[in-house]
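Student: Right, I'll just put the structure down here and ask away after.
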Amino acid sequence: MTITITAFERSPDGGKGLARDTRVRWALEEVGQPYEVRPVSFRAMKEPAHRALHPFGSIPTYEEGDLTLFETGAIVFHIAERHAGLLSDDANARARAVTWMFAALNTVEPPILELANAKLLESDKPWNKERLPLVENRVRDRLKPLSAHLGDADWLDGAFSAGDLMTVSVLLRLKSSGILDEYPNLAAYVARGEARPAYERAFAAQLAFNTGKPPTG
Ligand code: GTB
């Protein structure tokens, strides 16, 4: 059955892979499932046809036969459950990987988004200069224990899993801030994720999509 996801017609990041369709592309590449991408403009995103797929009028969505999903956590979990490669056969290891998915989305991502918003949307506010260090410290409050847990391991809980895919995806948003480099094992963890062939294919595909140039290599 054809899998179709939606993505920004042109991502505001110009193809840096930060829009959330990249994590869905990555999951599909990890499990070897082909997919199609339907571009959605900012205007179309808020129209009834798209809201029927995504009540909040955002991307990405996921369509497969009569199933429609939104929220990258649910989409990646669905992909990981249906296909081998992202969740262990061991029930406890699966549960721990799902725990890391939730931790990535509910515990690690929120302060990272707050920082992105503070930089992108609030830079002209008179209080921004004072607030920014507070927000950066909230990010550090999450990175420090994450770094301590990872230690010198390659992945969060043994073999690479959907939990790592989500955690790396969330941390990627920090690359340009310099904060990630304060935790060398996390910077190396993100680099390991980016070096996975499935991530490379997903990144190349979204870059080609956003620049209109075919993937190279
Ligand atoms: N919780 C949802 C999920 O995980 O699926 C969040 C979905 C979401 O925020 N989607 C964003 C969106 O559609 C795109 S990813 N925004 C437009 C809207 O809602 O009107 C967020 C994003 C956007 C742009 C960049 N960038 O250019 O760097 C990075 C991330």
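We name chains A, B, ... following the order of the structure tokens; residues begin at 1 in each chain, and ligands are numbered from 1 as shown.
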Using only C-alpha atoms and all ligand atoms, what are the residues with an atom within 7 Å of ligand 1, set out as a PyMOL selection string?

Tutor: chain A and resi 11-13+18-20+42+45+56-60+70-73

Student: Could you name the residues that touch range 132-137 of chain A at 7 Å or less, counting only C-alpha atoms, but leaving out those on the same chain fewer than 4 positions away, as a ChimeraX atom specification?

Tutor: /A:111,114-115,118,128,141

Student: When distances are computed from only C-alpha atoms, which of A:Ile75, A:Ile112, A:Leu105, A:Leu120 shows the smallest separation from Lys175 in chain A?

Tutor: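 Checking each candidate against Lys175 in chain A, we get A:Ile112 as the closest.
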
Student: Nearest residue to Ile79 in chain A out of A:Phe8, A:Tyr35, A:Phe203, A:Trp155, using only C-alpha atoms?

Tutor: A:Tyr35

Student: Extract, using only C-alpha atoms, all DNA, RNA and protein residues at most 12 Å from Gln206 in chain A, discarding same-chain residues fewer than 2 positions from it, and format them as a PyMOL selection string.

Tutor: chain A and resi 5-11+13-26+36-39+199-204+208-215

Student: Those residues you just picked out, can you put them in a file as a PDB file, in the first residue's frame with C-alpha atoms?

Tutor:
```pdb
ATOM      1  CA  ILE A   5       3.376  11.937   3.835  1.00  0.00           C
ATOM      2  CA  THR A   6       2.976  15.690   3.685  1.00  0.00           C
ATOM      3  CA  ALA A   7       5.766  18.249   3.959  1.00  0.00           C
ATOM      4  CA  PHE A   8       6.204  21.989   3.586  1.00  0.00           C
ATOM      5  CA  GLU A   9       6.036  22.989  -0.078  1.00  0.00           C
ATOM      6  CA  ARG A  10       9.291  24.812   0.724  1.00  0.00           C
ATOM      7  CA  SER A  11      10.636  24.436   4.249  1.00  0.00           C
ATOM      8  CA  ASP A  13      14.975  26.199   6.692  1.00  0.00           C
ATOM      9  CA  GLY A  14      15.705  25.762   2.974  1.00  0.00           C
ATOM     10  CA  GLY A  15      16.437  22.036   3.390  1.00  0.00           C
ATOM     11  CA  LYS A  16      18.443  21.831   6.624  1.00  0.00           C
ATOM     12  CA  GLY A  17      16.203  18.925   7.576  1.00  0.00           C
ATOM     13  CA  LEU A  18      14.733  20.594  10.654  1.00  0.00           C
ATOM     14  CA  ALA A  19      11.077  20.369   9.656  1.00  0.00           C
ATOM     15  CA  ARG A  20       9.424  17.323  11.165  1.00  0.00           C
ATOM     16  CA  ASP A  21       8.834  15.412   7.952  1.00  0.00           C
ATOM     17  CA  THR A  22      12.556  14.499   8.148  1.00  0.00           C
ATOM     18  CA  ARG A  23      12.058  12.227  11.168  1.00  0.00           C
ATOM     19  CA  VAL A  24       9.216  10.419   9.396  1.00  0.00           C
ATOM     20  CA  ARG A  25      11.302  10.060   6.228  1.00  0.00           C
ATOM     21  CA  TRP A  26      14.152   8.728   8.392  1.00  0.00           C
ATOM     22  CA  GLU A  36       5.567   9.588  -1.576  1.00  0.00           C
ATOM     23  CA  VAL A  37       5.558  13.196  -0.426  1.00  0.00           C
ATOM     24  CA  ARG A  38       2.764  15.659  -1.054  1.00  0.00           C
ATOM     25  CA  PRO A  39       3.816  19.296  -0.667  1.00  0.00           C
ATOM     26  CA  TYR A 199      19.253   9.284   7.798  1.00  0.00           C
ATOM     27  CA  GLU A 200      21.515  10.291   4.915  1.00  0.00           C
ATOM     28  CA  ARG A 201      18.892   9.144   2.411  1.00  0.00           C
ATOM     29  CA  ALA A 202      16.118  10.950   4.298  1.00  0.00           C
ATOM     30  CA  PHE A 203      18.174  14.129   4.526  1.00  0.00           C
ATOM     31  CA  ALA A 204      19.104  14.022   0.834  1.00  0.00           C
ATOM     32  CA  ALA A 208      16.152  17.730  -3.008  1.00  0.00           C
ATOM     33  CA  PHE A 209      12.477  18.336  -2.266  1.00  0.00           C
ATOM     34  CA  ASN A 210      13.147  21.747  -0.727  1.00  0.00           C
ATOM     35  CA  THR A 211      15.658  22.955  -3.297  1.00  0.00           C
ATOM     36  CA  GLY A 212      14.122  21.371  -6.374  1.00  0.00           C
ATOM     37  CA  LYS A 213      17.483  19.725  -7.141  1.00  0.00           C
ATOM     38  CA  PRO A 214      17.708  15.928  -7.532  1.00  0.00           C
ATOM     39  CA  PRO A 215      19.681  14.073  -4.805  1.00  0.00           C
TER      40      PRO A 215
END
```

Student: Restricting the calculation to only C-alpha atoms, which member of A:Arg142, A:His83, A:Lys129, A:His50 is positioned closest to Ala103 in chain A?

Tutor: A:Arg142

Student: Residues at most 8 Å from Gly193 in chain A, counting only C-alpha atoms, excluding those fewer than 5 positions away in the same chain, as a list in words?

Tutor: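 These residues fall inside the cut-off: Asp164, Leu165, Val168 and Tyr199 of chain A.
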
Student: Write a file of the just-selected residues containing C-alpha atoms, as a PDB file, in the first residue's frame.

Tutor:
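Result file part_2.pdb:
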```pdb
ATOM      1  CA  ASP A 164      17.210   7.087  19.396  1.00  0.00           C
ATOM      2  CA  LEU A 165      15.659   8.210  16.117  1.00  0.00           C
ATOM      3  CA  VAL A 168      18.531  12.529  17.700  1.00  0.00           C
ATOM      4  CA  TYR A 199      19.253   9.284   7.798  1.00  0.00           C
TER       5      TYR A 199
END
```
